[in-house]
Structures are given as structure tokens and as C-alpha cells.
file target-v6.tsv (TSV, C-alpha atoms)
chain	number	residue	atom	x	y	z
A	131	MET	CA	-71.71	0.96	130.49
A	132	LEU	CA	-70.69	-0.06	127.03
A	133	THR	CA	-67.32	1.04	125.77
A	134	MET	CA	-65.68	0.79	122.39
A	135	ASP	CA	-63.19	-1.72	123.81
A	136	ALA	CA	-66.00	-3.91	125.15
A	137	LEU	CA	-67.73	-3.82	121.78
A	138	ARG	CA	-64.50	-4.80	120.02
A	139	ARG	CA	-64.02	-7.73	122.40
A	140	PHE	CA	-67.63	-8.74	121.71
A	141	GLY	CA	-66.75	-8.90	118.02
A	142	ALA	CA	-68.35	-5.72	116.71
A	143	ASN	CA	-66.60	-4.03	113.81
A	144	THR	CA	-66.52	-0.69	115.58
A	145	GLU	CA	-64.51	1.04	112.87
A	146	GLU	CA	-67.21	0.24	110.32
A	147	GLY	CA	-70.00	1.22	112.69
A	148	LEU	CA	-68.25	4.45	113.67
A	149	GLY	CA	-67.77	5.32	110.02
A	150	ARG	CA	-71.52	5.21	109.54
A	151	CYS	CA	-71.88	7.56	112.51
A	152	LEU	CA	-69.45	10.18	111.19
A	153	ASN	CA	-66.85	8.85	113.67
A	154	ASP	CA	-68.91	10.21	116.58
A	155	GLU	CA	-68.23	7.67	119.32
A	156	GLY	CA	-70.93	9.01	121.64
A	157	PHE	CA	-73.55	8.84	118.90
A	158	TYR	CA	-72.47	5.32	117.95
A	159	LEU	CA	-72.70	4.10	121.55
A	160	GLU	CA	-76.11	5.77	121.91
A	161	LEU	CA	-77.37	3.91	118.85
A	162	VAL	CA	-75.97	0.60	120.10
A	163	ASN	CA	-77.81	1.10	123.38
A	164	MET	CA	-81.00	1.92	121.48
A	165	VAL	CA	-80.84	-1.22	119.35
A	166	LEU	CA	-80.32	-3.35	122.46
A	167	GLY	CA	-83.67	-2.11	123.73
A	168	ASP	CA	-85.40	-2.54	120.38
A	169	ALA	CA	-88.82	-4.17	120.79
A	170	GLY	CA	-88.12	-6.00	117.53
A	171	PHE	CA	-86.41	-8.79	119.42
A	172	GLU	CA	-89.60	-9.52	121.34
A	173	LYS	CA	-91.74	-9.07	118.22
A	174	LEU	CA	-89.56	-11.59	116.42
A	175	ALA	CA	-89.83	-14.13	119.22
A	176	ALA	CA	-93.61	-13.69	119.48
A	177	ALA	CA	-94.11	-13.95	115.72
A	178	LEU	CA	-92.05	-17.12	115.52
A	179	GLU	CA	-93.95	-18.58	118.46
A	180	GLY	CA	-97.23	-17.73	116.76
A	181	LYS	CA	-95.98	-19.03	113.39
A	182	ASP	CA	-96.67	-15.66	111.81
A	183	TRP	CA	-93.92	-15.95	109.21
A	184	GLN	CA	-94.58	-12.56	107.60
A	185	ALA	CA	-94.41	-10.69	110.92
A	186	ALA	CA	-91.30	-12.67	111.86
A	187	PHE	CA	-89.67	-11.76	108.55
A	188	GLU	CA	-90.51	-8.08	109.02
A	189	ALA	CA	-89.10	-8.03	112.58
A	190	ALA	CA	-85.96	-9.92	111.56
A	191	HIS	CA	-85.44	-7.70	108.51
A	192	SER	CA	-85.75	-4.53	110.58
A	193	LEU	CA	-83.31	-5.83	113.21
A	194	LYS	CA	-80.92	-6.95	110.49
A	195	GLY	CA	-80.75	-3.41	109.15
A	196	SER	CA	-80.10	-1.82	112.53
A	197	LEU	CA	-77.55	-4.42	113.59
A	198	GLY	CA	-75.79	-4.29	110.24
A	199	ASN	CA	-75.54	-0.51	110.21
A	200	LEU	CA	-73.93	-0.62	113.64
A	201	ALA	CA	-71.67	-3.52	112.59
A	202	LEU	CA	-72.75	-5.65	115.56
A	203	THR	CA	-71.60	-8.71	113.65
A	204	PRO	CA	-72.12	-11.37	116.35
A	205	ILE	CA	-75.84	-10.56	116.45
A	206	TYR	CA	-76.14	-9.43	112.84
A	207	ALA	CA	-74.91	-12.71	111.31
A	208	PRO	CA	-77.59	-15.01	112.78
A	209	THR	CA	-80.25	-12.33	112.28
A	210	SER	CA	-79.29	-12.06	108.63
A	211	GLU	CA	-79.45	-15.84	108.25
A	212	LEU	CA	-82.86	-15.96	109.90
A	213	THR	CA	-84.13	-13.14	107.67
A	214	GLU	CA	-83.12	-15.02	104.55
A	215	ARG	CA	-84.70	-18.26	105.77
A	216	LEU	CA	-87.93	-16.42	106.57
A	217	ARG	CA	-87.99	-14.63	103.22
A	218	GLY	CA	-89.78	-17.60	101.64
A	219	GLY	CA	-92.48	-17.51	104.32
A	220	ARG	CA	-92.42	-21.22	104.91
A	221	GLU	CA	-92.75	-23.08	108.15
A	222	ALA	CA	-89.52	-24.39	109.65
A	223	ASP	CA	-87.82	-24.77	113.00
A	224	TYR	CA	-86.22	-21.41	113.66
A	225	ALA	CA	-85.66	-21.98	117.39
A	226	ALA	CA	-81.89	-22.45	117.24
A	227	LEU	CA	-81.34	-19.20	115.34
A	228	LEU	CA	-83.67	-17.28	117.64
A	229	THR	CA	-81.85	-18.66	120.67
A	230	GLU	CA	-78.51	-17.62	119.19
A	231	ILE	CA	-79.75	-14.10	118.43
A	232	LEU	CA	-81.23	-13.58	121.89
A	233	SER	CA	-78.26	-15.06	123.72
A	234	ARG	CA	-75.85	-12.81	121.84
A	235	ARG	CA	-78.05	-9.79	122.54
A	236	ASP	CA	-78.15	-10.81	126.21
A	237	ALA	CA	-74.35	-11.13	126.27
A	238	LEU	CA	-74.06	-7.59	124.97
A	239	LEU	CA	-76.63	-6.39	127.50
A	240	ALA	CA	-74.54	-8.01	130.24
A	241	LEU	CA	-71.50	-6.07	129.03
A	242	ARG	CA	-73.55	-2.89	129.23
A	243	GLU	CA	-74.65	-3.67	132.77
A	244	GLY	CA	-71.05	-4.29	133.60

call {"tool": "encode", "arguments": {"input": "target-v6.tsv", "output": "C-alpha cells"}}
result
Amino acid sequence: MLTMDALRRFGANTEEGLGRCLNDEGFYLELVNMVLGDAGFEKLAAALEGKDWQAAFEAAHSLKGSLGNLALTPIYAPTSELTERLRGGREADYAALLTEILSRRDALLALREG
């Protein structure tokens, strides 16, 4: 189960995220759990694998918004970088950024599983 302390140790700016959730800790934690299960992570990976740069951009951009609103900085930062790189729609090697995003998401999932 995720806690505010675990999220702080992970590097999330929980004060910022809570502020966007009217300081409702339960609501904030619910939203964090929802974003961890977001199918956008898989859509992003599949789009990059298929070299569908537009779909990859759209998935990354959507995730960036959710992660940013919740101030999940360790996942947000590489997602934001990937979004900006994809904005031009050109082919490049995005594997390292995708690996970083997924490994940080997995680390947060592991905290949730406890």
C-alpha cells in the first residue's frame, strides 16, 4: 500500500500533488494508484516499438500530464523529456528513456505492493 512517506522517499513532491487535490490525501493516493495502472505506459511502449511516432507522442503527452499533476517527479522528468523529443515526430532511439520511465514506474509499483 502506498503511503505519503513512501511517495516522499520515492522523490514525489507530495505537497505539490496534494495541493492539486485540495489537500485530500486519500484522493491523491487514489489518483497515484490510478496512474500506475494507466494503459498509456503500454501504449507508449507499443507505439515506440512500432515506430508510430505520433501515437508515441500522444501516449507520452498524456502520461506527462497525469504524472505532472500528481508531482511524481521521478517518472515525470523522463516522460517530459521523451514527450519533447517526440514532438518533432522524427525517428530516433528512445529505448533508454522508455526503460527509465518503465523502471521508475515499476519501482513505484513495488512500493505499492510493499

call {"tool": "closest_residue", "arguments": {"input": "target-v6.tsv", "among": "A:Gly180, A:Gly244, A:Gly198, A:Gly141", "to": "A:Glu221", "atoms": "all atoms listed in the file"}}
result
A:Gly180

call {"tool": "closest_residue", "arguments": {"input": "target-v6.tsv", "among": "A:Ala189, A:Ala207, A:Met131, A:Leu239", "to": "A:Glu172", "atoms": "all atoms listed in the file"}}
result
A:Ala189

call {"tool": "atom_distance", "arguments": {"input": "target-v6.tsv", "atom1": "atom CA of A:Gly147", "atom2": "atom CA of A:Leu202"}}
result
7.9 Å

call {"tool": "axis_aligned_box", "arguments": {"input": "target-v6.tsv", "around": "stretch 205-224 of chain A", "padding_each_side": "6 Å", "output": "lines of an AutoDock Vina configuration file"}}
result
center_x = -83.8
center_y = -17.1
center_z = 109.0
size_x = 29.8
size_y = 27.3
size_z = 26.8

call {"tool": "residues_around", "arguments": {"input": "target-v6.tsv", "residues": "A:Ala186", "least_positions_apart": "5", "cutoff": "9 Å", "atoms": "all atoms listed in the file", "output": "MDAnalysis selection string"}}
result
chainID A and resid 173:178 181 191 213 216

call {"tool": "closest_atom_pairs", "arguments": {"input": "target-v6.tsv", "of": "stretch 132-188 of chain A", "to": "stretch 227-238 of chain A", "cutoff": "8 Å", "atoms": "all atoms listed in the file", "output": "CSV"}}
result
residue,atom,partner,partner_atom,distance
A:Phe140,CA,A:Leu238,CA,7.3
A:Leu166,CA,A:Arg235,CA,6.8
A:Phe171,CA,A:Leu232,CA,7.5
A:Ala175,CA,A:Leu228,CA,7.1

call {"tool": "residues_around", "arguments": {"input": "target-v6.tsv", "residues": "A:Arg217", "least_positions_apart": "5", "cutoff": "12 Å", "atoms": "all atoms listed in the file", "output": "list in words"}}
result
Trp183, Gln184, Ala185, Ala186, Phe187, Glu188, Ala189, Ala190, His191, Ser210, Glu211, Leu212 and Ala222 of chain A

call {"tool": "build_atoms", "arguments": {"input": "target-v6.tsv", "residues": "stretch 139-151 of chain A", "atoms": "N, CA and C atoms", "output": "PDB file, in the frame of the given file"}}
result
ATOM      1  N   ARG A 139     -64.195  -6.378 121.829  1.00  0.00           N
ATOM      2  CA  ARG A 139     -64.020  -7.730 122.400  1.00  0.00           C
ATOM      3  C   ARG A 139     -65.228  -8.608 122.095  1.00  0.00           C
ATOM      4  N   PHE A 140     -66.393  -8.016 122.037  1.00  0.00           N
ATOM      5  CA  PHE A 140     -67.630  -8.740 121.710  1.00  0.00           C
ATOM      6  C   PHE A 140     -67.601  -9.220 120.260  1.00  0.00           C
ATOM      7  N   GLY A 141     -66.854  -8.518 119.428  1.00  0.00           N
ATOM      8  CA  GLY A 141     -66.750  -8.900 118.020  1.00  0.00           C
ATOM      9  C   GLY A 141     -67.357  -7.907 117.055  1.00  0.00           C
ATOM     10  N   ALA A 142     -67.796  -6.761 117.578  1.00  0.00           N
ATOM     11  CA  ALA A 142     -68.350  -5.720 116.710  1.00  0.00           C
ATOM     12  C   ALA A 142     -67.237  -5.095 115.888  1.00  0.00           C
ATOM     13  N   ASN A 143     -67.539  -4.747 114.666  1.00  0.00           N
ATOM     14  CA  ASN A 143     -66.600  -4.030 113.810  1.00  0.00           C
ATOM     15  C   ASN A 143     -66.832  -2.546 114.068  1.00  0.00           C
ATOM     16  N   THR A 144     -66.236  -2.059 115.148  1.00  0.00           N
ATOM     17  CA  THR A 144     -66.520  -0.690 115.580  1.00  0.00           C
ATOM     18  C   THR A 144     -66.036   0.354 114.580  1.00  0.00           C
ATOM     19  N   GLU A 145     -64.968   0.071 113.867  1.00  0.00           N
ATOM     20  CA  GLU A 145     -64.510   1.040 112.870  1.00  0.00           C
ATOM     21  C   GLU A 145     -65.567   1.253 111.790  1.00  0.00           C
ATOM     22  N   GLU A 146     -66.151   0.151 111.333  1.00  0.00           N
ATOM     23  CA  GLU A 146     -67.210   0.240 110.320  1.00  0.00           C
ATOM     24  C   GLU A 146     -68.424   0.972 110.871  1.00  0.00           C
ATOM     25  N   GLY A 147     -68.851   0.586 112.069  1.00  0.00           N
ATOM     26  CA  GLY A 147     -70.000   1.220 112.690  1.00  0.00           C
ATOM     27  C   GLY A 147     -69.774   2.702 112.952  1.00  0.00           C
ATOM     28  N   LEU A 148     -68.583   3.048 113.433  1.00  0.00           N
ATOM     29  CA  LEU A 148     -68.250   4.450 113.670  1.00  0.00           C
ATOM     30  C   LEU A 148     -68.272   5.247 112.373  1.00  0.00           C
ATOM     31  N   GLY A 149     -67.780   4.648 111.315  1.00  0.00           N
ATOM     32  CA  GLY A 149     -67.770   5.320 110.020  1.00  0.00           C
ATOM     33  C   GLY A 149     -69.167   5.719 109.577  1.00  0.00           C
ATOM     34  N   ARG A 150     -70.130   4.894 109.903  1.00  0.00           N
ATOM     35  CA  ARG A 150     -71.520   5.210 109.540  1.00  0.00           C
ATOM     36  C   ARG A 150     -72.117   6.279 110.454  1.00  0.00           C
ATOM     37  N   CYS A 151     -71.418   6.556 111.544  1.00  0.00           N
ATOM     38  CA  CYS A 151     -71.880   7.560 112.510  1.00  0.00           C
ATOM     39  C   CYS A 151     -70.970   8.787 112.504  1.00  0.00           C
TER      40      CYS A 151
END
